[in-house]
$ cat structure09.cif   # mmCIF, C-alpha atoms and all ligand atoms
data_upload
loop_
_atom_site.label_atom_id
_atom_site.label_comp_id
_atom_site.auth_asym_id
_atom_site.auth_seq_id
_atom_site.Cartn_x
_atom_site.Cartn_y
_atom_site.Cartn_z
CA MET A 27 0.00 0.00 0.00
CA ASN A 28 2.81 2.41 0.82
CA THR A 29 4.60 1.67 -2.45
CA ARG A 30 1.44 2.61 -4.31
CA ASP A 31 0.84 5.66 -2.08
CA SER A 32 4.36 6.88 -2.86
CA GLU A 33 3.60 6.55 -6.56
CA VAL A 34 0.35 8.44 -6.10
CA VAL A 35 2.18 11.29 -4.36
CA SER A 36 4.92 11.26 -7.05
CA GLY A 37 2.25 11.37 -9.74
CA LEU A 38 0.48 14.32 -8.09
CA LEU A 39 3.75 16.23 -7.66
CA GLN A 40 4.85 15.59 -11.23
CA LYS A 41 1.49 16.86 -12.43
CA SER A 42 2.11 20.07 -10.52
CA GLY A 43 5.51 20.59 -12.13
CA HIS A 44 7.98 18.79 -9.85
CA LYS A 45 10.55 16.26 -11.02
CA ILE A 46 11.67 13.07 -9.32
CA CYS A 47 15.26 13.23 -8.09
CA HIS A 48 16.89 9.94 -7.17
CA ASP A 49 19.71 11.47 -5.14
CA PRO A 50 18.49 12.81 -1.76
CA ALA A 51 21.57 15.06 -1.52
CA LYS A 52 20.46 16.95 -4.63
CA ALA A 53 16.72 16.99 -3.90
CA ASP A 54 15.00 20.20 -2.69
CA ILE A 55 12.11 18.32 -1.17
CA ILE A 56 12.31 14.99 0.66
CA ILE A 57 9.15 13.14 1.56
CA LEU A 58 9.25 10.10 3.82
CA ASN A 59 6.24 7.89 3.37
CA THR A 60 6.10 5.98 6.61
CA CYS A 61 4.79 2.75 8.10
CA SER A 62 3.65 2.24 11.68
CA VAL A 63 2.95 -1.45 11.57
CA ARG A 64 6.02 -2.34 13.62
CA GLN A 65 8.29 -0.44 15.98
CA HIS A 66 11.31 -1.35 13.85
CA ALA A 67 9.87 0.44 10.78
CA GLU A 68 9.32 3.59 12.84
CA ASP A 69 12.81 3.54 14.34
CA LYS A 70 14.28 3.49 10.85
CA VAL A 71 12.30 6.61 9.89
CA TRP A 72 13.38 8.61 12.96
CA SER A 73 17.01 7.89 12.22
CA GLU A 74 16.55 8.59 8.49
CA ILE A 75 15.04 12.05 9.16
CA GLY A 76 18.08 12.97 11.21
CA ARG A 77 20.37 12.32 8.24
CA PHE A 78 18.94 15.20 6.20
CA LYS A 79 20.58 18.57 6.61
CA ASN A 80 18.64 21.81 6.98
CA GLY A 81 18.07 23.60 3.68
CA LYS A 82 15.60 21.07 2.35
CA LEU A 83 11.88 20.85 2.68
CA ILE A 84 11.21 17.65 4.60
CA GLY A 85 7.81 16.02 4.84
CA VAL A 86 6.66 13.03 6.85
CA ILE A 87 3.56 11.40 5.42
CA GLY A 88 1.69 8.13 5.87
CA CYS A 89 0.90 6.16 8.99
CA MET A 90 3.51 7.67 11.32
CA ALA A 91 2.24 11.12 10.40
CA GLN A 92 -1.22 10.05 11.51
CA ASN A 93 0.05 8.20 14.55
CA TYR A 94 2.32 10.91 15.98
CA GLY A 95 0.67 14.04 14.55
CA GLN A 96 2.32 17.24 15.76
CA GLY A 97 4.64 15.08 17.85
CA VAL A 98 6.74 14.59 14.68
CA PHE A 99 7.72 18.29 14.79
CA GLU A 100 8.73 18.00 18.44
CA ARG A 101 10.93 14.99 17.83
CA SER A 102 12.31 16.17 14.49
CA PRO A 103 12.35 19.99 14.24
CA ASN A 104 13.76 19.88 10.67
CA VAL A 105 10.42 18.46 9.41
CA SER A 106 8.23 21.08 7.68
CA PHE A 107 5.05 19.17 6.97
CA VAL A 108 3.20 16.17 8.34
CA VAL A 109 0.40 14.66 6.25
CA GLY A 110 -1.75 11.65 7.10
CA PRO A 111 -2.75 8.91 4.60
CA ALA A 112 -6.19 10.38 3.88
CA ASP A 113 -4.78 13.83 3.07
CA ILE A 114 -2.11 13.03 0.50
CA GLU A 115 -3.91 14.93 -2.25
CA LYS A 116 -3.10 18.12 -0.35
CA ILE A 117 0.69 17.65 -0.62
CA PRO A 118 1.28 19.68 -3.84
CA GLY A 119 -0.66 22.60 -2.33
CA ILE A 120 1.21 22.35 0.98
CA ILE A 121 4.57 22.40 -0.83
CA ALA A 122 3.45 25.41 -2.88
CA ARG A 123 2.48 27.28 0.29
CA LEU A 124 5.72 26.43 2.06
CA SER A 125 7.88 27.25 -0.95
CA LYS A 126 6.36 30.73 -1.25
CA ASP A 127 7.18 31.49 2.33
CA LYS A 128 10.72 32.78 2.77
CA ALA A 129 10.90 31.43 6.28
CA ILE A 130 9.94 27.93 5.26
CA PHE A 131 11.87 26.32 8.04
CA GLU A 132 9.95 28.28 10.63
CA ARG A 133 6.58 27.18 9.31
CA LYS A 134 4.99 23.86 9.97
CA ILE A 135 1.98 22.46 8.16
CA PHE A 136 -0.01 19.67 9.60
CA GLU A 137 -2.86 17.80 7.86
CA THR A 138 -4.31 14.64 9.34
CA GLU A 139 -8.00 15.40 9.30
CA GLY A 140 -9.10 13.85 6.00
CA GLU A 141 -11.60 11.01 6.03
CA CYS A 142 -11.72 9.88 2.45
CA ARG A 143 -9.30 10.26 -0.44
CA PRO A 144 -10.63 11.87 -3.60
CA GLU A 145 -10.86 9.41 -6.49
CA GLU A 146 -8.78 11.63 -8.83
CA ILE A 147 -5.53 10.88 -7.00
CA TYR A 148 -5.50 7.39 -8.54
CA HIS A 149 -5.62 8.72 -12.08
CA THR A 150 -2.34 10.61 -12.52
CA GLY A 151 -1.10 7.73 -14.67
CA PHE A 152 2.25 7.46 -12.90
CA TYR A 153 3.55 3.92 -12.20
CA GLN A 154 7.20 3.22 -11.44
CA ASP A 155 7.20 -0.09 -13.26
CA LYS A 156 6.59 -0.04 -16.97
CA ASN A 157 5.07 -3.54 -17.03
CA HIS A 158 3.23 -3.84 -13.74
CA ALA A 159 0.86 -1.62 -11.74
CA TYR A 160 -0.56 -1.75 -8.23
CA VAL A 161 -4.23 -0.79 -8.24
CA VAL A 162 -5.88 0.09 -4.94
CA ILE A 163 -9.36 -1.43 -4.71
CA SER A 164 -10.02 -0.57 -1.08
CA GLU A 165 -8.51 1.68 1.54
CA GLY A 166 -8.37 1.27 5.31
CA CYS A 167 -9.73 -1.60 7.35
CA SER A 168 -12.56 -2.07 9.84
CA ASN A 169 -11.41 -5.35 11.34
CA PHE A 170 -9.61 -4.00 14.39
CA CYS A 171 -7.30 -6.93 14.96
CA SER A 172 -6.10 -6.14 18.44
CA TYR A 173 -2.39 -5.74 17.53
CA CYS A 174 -2.92 -3.67 14.40
CA VAL A 175 -2.68 0.08 14.01
CA VAL A 176 -4.10 0.20 10.46
CA PRO A 177 -7.76 1.02 11.33
CA TYR A 178 -6.52 3.92 13.51
CA VAL A 179 -4.10 5.41 10.99
CA ARG A 180 -5.79 4.57 7.68
CA GLY A 181 -9.40 4.67 8.83
CA GLY A 182 -12.26 2.25 8.22
CA LEU A 183 -12.73 0.16 5.08
CA HIS A 184 -13.61 2.21 2.03
CA ASN A 185 -14.14 0.46 -1.28
CA ARG A 186 -13.48 2.24 -4.56
CA ASN A 187 -16.16 2.14 -7.21
CA HIS A 188 -15.48 -0.85 -9.49
CA LYS A 189 -16.03 1.40 -12.52
CA ASP A 190 -13.15 3.64 -11.39
CA ILE A 191 -10.93 0.61 -10.74
CA LEU A 192 -11.56 -0.73 -14.25
CA LYS A 193 -11.04 2.74 -15.71
CA GLU A 194 -7.65 2.98 -13.98
CA ILE A 195 -6.63 -0.45 -15.34
CA GLN A 196 -7.78 0.46 -18.85
CA ALA A 197 -5.74 3.68 -18.77
CA ALA A 198 -2.63 1.79 -17.55
CA LEU A 199 -3.11 -0.78 -20.36
CA LYS A 200 -3.01 2.08 -22.86
CA LYS A 201 0.44 2.92 -21.47
CA GLY A 202 1.58 -0.64 -22.16
CA ILE A 203 1.18 -2.07 -18.64
CA THR A 204 -0.27 -5.56 -18.80
CA ARG A 205 0.26 -6.97 -15.28
CA PHE A 206 -1.62 -5.79 -12.22
CA THR A 207 -1.89 -6.37 -8.48
CA LEU A 208 -5.18 -5.42 -6.83
CA LEU A 209 -4.41 -3.92 -3.44
CA GLY A 210 -6.18 -3.53 -0.13
CA GLN A 211 -5.72 -4.32 3.55
CA ASN A 212 -8.54 -6.81 3.23
CA VAL A 213 -9.31 -7.23 -0.47
CA ASN A 214 -11.77 -10.06 -0.18
CA ALA A 215 -14.15 -7.92 1.88
CA TYR A 216 -14.55 -5.74 -1.24
CA LYS A 217 -18.11 -4.77 -2.11
CA TYR A 218 -19.40 -1.81 -4.06
CA ASP A 219 -23.08 -1.75 -5.00
CA LYS A 220 -23.75 -5.30 -6.14
CA VAL A 221 -20.17 -6.05 -7.12
CA ASP A 222 -18.30 -8.17 -4.58
CA PHE A 223 -14.68 -9.30 -4.75
CA ILE A 224 -15.34 -12.41 -6.82
CA LYS A 225 -17.37 -10.41 -9.35
CA LEU A 226 -14.61 -7.80 -9.49
CA LEU A 227 -12.03 -10.52 -10.19
CA GLY A 228 -14.20 -11.77 -13.07
CA ARG A 229 -14.48 -8.27 -14.53
CA VAL A 230 -10.72 -7.69 -14.32
CA ASP A 231 -10.01 -11.09 -15.87
CA ALA A 232 -12.26 -10.18 -18.81
CA ILE A 233 -10.29 -7.03 -19.70
CA LYS A 234 -8.87 -7.33 -23.18
CA GLY A 235 -5.10 -6.99 -23.35
CA LEU A 236 -4.54 -7.64 -19.64
CA LYS A 237 -2.13 -10.56 -19.31
CA GLU A 238 -1.92 -11.40 -15.62
CA PHE A 239 -3.12 -10.15 -12.25
CA SER A 240 -3.08 -11.02 -8.58
CA PHE A 241 -4.37 -9.55 -5.30
CA ILE A 242 -3.16 -8.94 -1.79
CA THR A 243 -4.01 -9.14 1.20
CA SER A 244 -6.85 -11.49 2.11
CA HIS A 245 -8.45 -12.13 5.48
CA PRO A 246 -9.25 -15.79 6.28
CA ARG A 247 -12.70 -14.86 7.62
CA ASP A 248 -13.70 -13.37 4.25
CA THR A 249 -12.20 -16.21 2.24
CA SER A 250 -14.55 -18.77 0.74
CA ILE A 251 -14.72 -21.88 -1.42
CA ASP A 252 -16.26 -19.67 -4.13
CA LEU A 253 -13.14 -17.52 -4.11
CA PHE A 254 -10.97 -20.62 -4.57
CA LYS A 255 -13.18 -21.76 -7.46
CA ALA A 256 -12.84 -18.35 -9.09
CA MET A 257 -9.07 -18.44 -8.56
CA ASN A 258 -8.87 -21.78 -10.26
CA ASP A 259 -11.15 -20.84 -13.14
CA LEU A 260 -10.00 -17.32 -14.04
CA GLY A 261 -7.28 -17.76 -16.63
CA LYS A 262 -5.35 -14.54 -16.01
CA LEU A 263 -5.45 -14.65 -12.22
CA LYS A 264 -2.20 -15.83 -10.61
CA LYS A 265 -2.61 -18.91 -8.49
CA TYR A 266 -1.19 -17.20 -5.44
CA LEU A 267 -2.90 -16.52 -2.13
CA HIS A 268 -1.40 -14.63 0.78
CA LEU A 269 -3.55 -15.60 3.74
CA PRO A 270 -2.15 -14.39 7.07
CA VAL A 271 -2.88 -16.86 9.87
CA GLN A 272 -0.94 -14.93 12.58
CA SER A 273 -1.23 -17.71 15.19
CA GLY A 274 -2.11 -21.38 15.45
CA SER A 275 -3.55 -21.07 18.95
CA ASP A 276 -7.29 -20.53 19.38
CA GLY A 277 -6.74 -18.57 22.60
CA ILE A 278 -4.30 -16.19 20.93
CA LEU A 279 -6.45 -15.85 17.79
CA LYS A 280 -9.31 -14.79 20.05
CA LEU A 281 -7.15 -12.23 21.83
CA MET A 282 -5.99 -10.99 18.45
CA ASN A 283 -9.66 -10.54 17.42
CA ARG A 284 -9.03 -12.40 14.18
CA GLY A 285 -12.52 -13.87 13.94
CA TYR A 286 -11.61 -17.46 13.01
CA SER A 287 -10.29 -20.58 14.69
CA ARG A 288 -7.29 -22.80 13.99
CA LYS A 289 -9.66 -25.47 12.65
CA PHE A 290 -11.29 -22.99 10.28
CA TYR A 291 -7.93 -21.90 8.90
CA LEU A 292 -6.69 -25.46 8.44
CA ALA A 293 -9.88 -26.35 6.54
CA LEU A 294 -9.43 -23.26 4.33
CA ALA A 295 -5.84 -24.20 3.51
CA ASP A 296 -6.92 -27.74 2.75
CA ASN A 297 -9.71 -26.61 0.43
CA TYR A 298 -7.41 -24.13 -1.29
CA ARG A 299 -4.95 -26.89 -2.09
CA LYS A 300 -7.74 -29.16 -3.36
CA ILE A 301 -9.46 -26.55 -5.53
CA VAL A 302 -6.70 -24.27 -6.80
CA LYS A 303 -4.39 -26.47 -8.82
CA ASP A 304 -0.70 -25.73 -8.17
CA GLY A 305 -1.68 -22.75 -6.05
CA ALA A 306 0.98 -21.12 -3.88
CA LEU A 307 -0.04 -20.27 -0.32
CA THR A 308 1.87 -17.81 1.87
CA SER A 309 1.21 -16.37 5.31
CA ASP A 310 2.15 -13.93 8.08
CA ILE A 311 2.83 -15.09 11.61
CA ILE A 312 3.32 -13.16 14.83
CA VAL A 313 5.21 -14.83 17.67
CA GLY A 314 5.27 -13.58 21.25
CA PHE A 315 1.80 -12.00 21.36
CA PRO A 316 0.89 -11.08 24.99
CA THR A 317 0.18 -14.18 27.10
CA GLU A 318 1.46 -16.59 24.40
CA THR A 319 2.53 -19.74 26.27
CA GLU A 320 4.81 -22.53 25.07
CA GLU A 321 1.66 -24.49 24.27
CA ASP A 322 0.17 -21.63 22.23
CA PHE A 323 3.45 -21.36 20.37
CA LYS A 324 3.46 -25.10 19.72
CA GLY A 325 0.02 -24.68 18.14
CA THR A 326 1.52 -22.18 15.68
CA TYR A 327 4.58 -24.34 15.06
CA ASP A 328 2.44 -27.39 14.35
CA LEU A 329 0.15 -25.40 12.06
CA VAL A 330 3.11 -24.22 9.98
CA LYS A 331 4.32 -27.82 9.82
CA ALA A 332 0.88 -29.04 8.74
CA VAL A 333 0.06 -26.35 6.15
CA ARG A 334 3.53 -26.23 4.55
CA PHE A 335 3.32 -22.67 3.26
CA SER A 336 5.22 -21.74 0.12
CA ALA A 337 6.63 -18.88 2.19
CA ALA A 338 5.80 -17.21 5.48
CA TYR A 339 6.74 -13.86 6.99
CA ILE A 340 7.42 -14.23 10.68
CA PHE A 341 7.38 -11.29 13.04
CA LYS A 342 8.14 -10.78 16.70
CA TYR A 343 5.22 -9.00 18.36
CA SER A 344 5.77 -5.33 19.15
CA SER A 345 3.05 -3.30 20.82
CA ARG A 346 1.60 -0.41 18.85
CA PRO A 347 0.06 2.70 20.40
CA HIS A 348 -3.76 3.06 20.10
CA THR A 349 -4.34 -0.67 19.65
CA GLU A 350 -6.25 -2.92 22.06
CA ALA A 351 -3.20 -5.13 22.55
CA PHE A 352 -1.24 -2.04 23.64
CA LYS A 353 -3.29 -2.15 26.83
CA MET A 354 -2.10 -5.71 27.53
CA ALA A 355 1.18 -6.40 29.29
CA ASP A 356 3.87 -7.47 26.82
CA THR A 357 4.39 -10.67 28.79
CA VAL A 358 6.65 -12.72 26.51
CA ALA A 359 10.33 -12.12 27.24
CA LYS A 360 12.49 -10.77 24.41
CA GLU A 361 14.66 -13.92 24.45
CA ASP A 362 11.56 -16.14 24.16
CA LYS A 363 10.27 -14.09 21.23
CA GLU A 364 13.64 -14.43 19.56
CA GLU A 365 13.79 -18.17 20.15
CA ARG A 366 10.24 -18.72 18.87
CA HIS A 367 10.94 -16.53 15.86
CA LYS A 368 14.04 -18.57 15.03
CA LEU A 369 12.26 -21.90 15.49
CA ILE A 370 9.48 -21.03 13.04
CA LEU A 371 11.88 -19.36 10.65
CA ASP A 372 14.06 -22.48 10.54
CA LEU A 373 11.02 -24.69 10.13
CA GLN A 374 9.70 -22.58 7.25
CA LYS A 375 13.12 -22.38 5.61
CA GLY A 376 13.26 -26.18 5.58
CA ILE A 377 9.74 -26.38 4.10
CA SER A 378 10.50 -23.75 1.44
CA LYS A 379 13.69 -25.61 0.50
CA LYS A 380 11.84 -28.90 0.12
CA ASN A 381 9.04 -27.19 -1.86
CA ALA A 382 11.63 -25.71 -4.22
CA LYS A 383 13.14 -29.15 -4.83
CA LYS A 384 9.78 -30.69 -5.83
CA PRO A 385 9.75 -31.76 -9.46
CA ASP A 386 7.29 -29.81 -11.67
S1 LIG A 401 -7.27 -7.26 8.81
FE1 LIG A 401 -5.12 -6.66 8.54
S2 LIG A 401 -5.15 -4.45 8.30
FE2 LIG A 401 -7.15 -5.02 9.12
S3 LIG A 401 -6.95 -4.77 11.35
FE3 LIG A 401 -6.46 -6.93 10.88
S4 LIG A 401 -4.22 -7.01 10.57
FE4 LIG A 401 -4.86 -4.84 10.47
#

$ encode --input "structure09.cif" --output "structure tokens" --more "lines below"
Ligand code: SF4
Amino acid sequence: MNTRDSEVVSGLLQKSGHKICHDPAKADIIILNTCSVRQHAEDKVWSEIGRFKNGKLIGVIGCMAQNYGQGVFERSPNVSFVVGPADIEKIPGIIARLSKDKAIFERKIFETEGECRPEEIYHTGFYQDKNHAYVVISEGCSNFCSYCVVPYVRGGLHNRNHKDILKEIQAALKKGITRFTLLGQNVNAYKYDKVDFIKLLGRVDAIKGLKEFSFITSHPRDTSIDLFKAMNDLGKLKKYLHLPVQSGSDGILKLMNRGYSRKFYLALADNYRKIVKDGALTSDIIVGFPTETEEDFKGTYDLVKAVRFSAAYIFKYSSRPHTEAFKMADTVAKEDKEERHKLILDLQKGISKKNAKKPD
């Protein structure tokens, strides 16, 4: 999502006369599009901001902007503007205002009040890749998983009109782009008027000239047998599903507010393998969630062993401000998180290696 948001901002700025400069030392304006999903991502941004000398216009946008608000200016006085994810269309105007002001480094502009992005921002026609485009189908998320900051920084789920999505794809095709990834925090909850996610997939698949497409990310609770059937049947849709499980313990899944059980997930994975021929299945896993016991962890370990993901991204839990889990004591010791992380990582590495060796 942030990769696409950066493109959107680049597209808007280019439309208003700016040029992309690949060397930060030579750039007049530096914009850091930030992520708040883990503490580590934020730490990198704070140290990155410090590297830029005065004399440049520095902006912090994205989830950290929303999360820290005016606090960004206090921590990093060289920052001139802070813009949340729902206000990115205002960036060219903010830069114009700041650039006119001789004392730009004295002024601070702060915009984190927006609720909904205007549709036009997705139609600047700028994509970094000449062959592939990310197309946002929905913004935000209303699931409120207890560890996740997304609903607080990106707002509730908002689906784009399917007509606008198809229009964006058609315009990109005219530029020669033939491969697409449909994007959203929870794509399979998509619904606009009578068009749900499966219908949208069918409409994208039917676009003339489009060669291949995929989607990310899906929520297990919104994943169905019908989706698997569509994945198998639609000729241009990649047989790839990223389906974050997060934990293999029912107790932890409940505390995470994920809305499904271990049994439900295992059945989904099983059906996916049966229905989607040669389909790849990947996942996200968090170890060390508050109260996670050895037994809970074993549940996750055994699930990874049973499902045999094509790949899995394993994270050590870090508490995020505003979230429900932030209110819980971070009970799992750092060393235990590290050990559990390593155990699952090693297990998955072994599985991935064996999968790679499988004959076609
Ligand atoms: S579904 Fe994903 S984006 Fe939405 S709250 Fe849960 S983890 Fe966050």

$ residues_near_ligand --input "structure09.cif" --ligand "ligand LIG 401 (chain A)" --cutoff "9 Å" --atoms "only C-alpha atoms and all ligand atoms" --output "short mmCIF file (atom, residue, chain, number, x, y, z; two decimals) with C-alpha atoms, in the frame of the given file"
data_model
loop_
_atom_site.label_atom_id
_atom_site.label_comp_id
_atom_site.auth_asym_id
_atom_site.auth_seq_id
_atom_site.Cartn_x
_atom_site.Cartn_y
_atom_site.Cartn_z
CA VAL A 63 2.95 -1.45 11.57
CA GLY A 166 -8.37 1.27 5.31
CA CYS A 167 -9.73 -1.60 7.35
CA SER A 168 -12.56 -2.07 9.84
CA ASN A 169 -11.41 -5.35 11.34
CA PHE A 170 -9.61 -4.00 14.39
CA CYS A 171 -7.30 -6.93 14.96
CA SER A 172 -6.10 -6.14 18.44
CA TYR A 173 -2.39 -5.74 17.53
CA CYS A 174 -2.92 -3.67 14.40
CA VAL A 175 -2.68 0.08 14.01
CA VAL A 176 -4.10 0.20 10.46
CA PRO A 177 -7.76 1.02 11.33
CA TYR A 178 -6.52 3.92 13.51
CA GLY A 182 -12.26 2.25 8.22
CA LEU A 183 -12.73 0.16 5.08
CA GLY A 210 -6.18 -3.53 -0.13
CA GLN A 211 -5.72 -4.32 3.55
CA ASN A 212 -8.54 -6.81 3.23
CA THR A 243 -4.01 -9.14 1.20
CA SER A 244 -6.85 -11.49 2.11
CA HIS A 245 -8.45 -12.13 5.48
CA PRO A 270 -2.15 -14.39 7.07
CA GLN A 272 -0.94 -14.93 12.58
CA MET A 282 -5.99 -10.99 18.45
CA ASN A 283 -9.66 -10.54 17.42
CA ARG A 284 -9.03 -12.40 14.18
#

$ closest_residue --input "structure09.cif" --among "A:Pro246, A:Gly285, A:Pro111, A:Pro103" --to "Val271 (chain A)" --atoms "all atoms listed in the file"
A:Pro246

$ residues_around --input "structure09.cif" --residues "region 200-205 of chain A" --least-positions-apart "6" --cutoff "9 Å" --atoms "all atoms listed in the file" --output "list in words"
Gly151, Asp155, Lys156, Asn157, His158, Ala159, Tyr160, Gly235, Leu236, Lys237, Glu238, Phe239 and Ser240 of chain A

$ residues_around --input "structure09.cif" --residues "Arg186 (chain A)" --least-positions-apart "2" --cutoff "7 Å" --atoms "only C-alpha atoms" --output "count of residues only"
6

$ atom_distance --input "structure09.cif" --atom1 "CA of Glu364 (chain A)" --atom2 "CA of Ala306 (chain A)"
27.5 Å

$ atom_distance --input "structure09.cif" --atom1 "CA of Ile120 (chain A)" --atom2 "CA of Val71 (chain A)"
21.2 Å

$ closest_residue --input "structure09.cif" --among "A:Ser275, A:Asn297, A:Asn214, A:Ser344" --to "Thr319 (chain A)" --atoms "only C-alpha atoms"
A:Ser275

$ residues_near_point --input "structure09.cif" --point "(-1.1, -14.9, 0.2)" --cutoff "6 Å" --atoms "all atoms listed in the file" --output "ChimeraX atom specification"
/A:267-269,307-309

$ atom_distance --input "structure09.cif" --atom1 "CA of Glu139 (chain A)" --atom2 "CA of Ser106 (chain A)"
17.3 Å

$ residues_near_point --input "structure09.cif" --point "(-4.3, -27.8, -7.4)" --cutoff "12 Å" --atoms "only C-alpha atoms" --output "PyMOL selection string"
chain A and resi 254-255+257-259+265-266+295-307

$ residues_around --input "structure09.cif" --residues "Ile312 (chain A)" --least-positions-apart "5" --cutoff "9 Å" --atoms "only C-alpha atoms" --output "PyMOL selection string"
chain A and resi 271-273+339-343+367

$ write_last_selection --input "structure09.cif" --atoms "C-alpha atoms" --output "JSON list (two decimals), in the frame of the given file"
[["chain", "number", "residue", "atom", "x", "y", "z"],
["A", 271, "VAL", "CA", -2.88, -16.86, 9.87],
["A", 272, "GLN", "CA", -0.94, -14.93, 12.58],
["A", 273, "SER", "CA", -1.23, -17.71, 15.19],
["A", 339, "TYR", "CA", 6.74, -13.86, 6.99],
["A", 340, "ILE", "CA", 7.42, -14.23, 10.68],
["A", 341, "PHE", "CA", 7.38, -11.29, 13.04],
["A", 342, "LYS", "CA", 8.14, -10.78, 16.70],
["A", 343, "TYR", "CA", 5.22, -9.00, 18.36],
["A", 367, "HIS", "CA", 10.94, -16.53, 15.86]]

$ closest_atom_pairs --input "structure09.cif" --of "region 154-185 of chain A" --to "region 143-150 of chain A" --cutoff "10 Å" --atoms "all atoms listed in the file" --output "CSV"
residue,atom,partner,partner_atom,distance
A:Val161,CA,A:Tyr148,CA,8.3
A:Val162,CA,A:Tyr148,CA,8.1
A:Glu165,CA,A:Arg143,CA,8.8
A:His184,CA,A:Arg143,CA,9.5
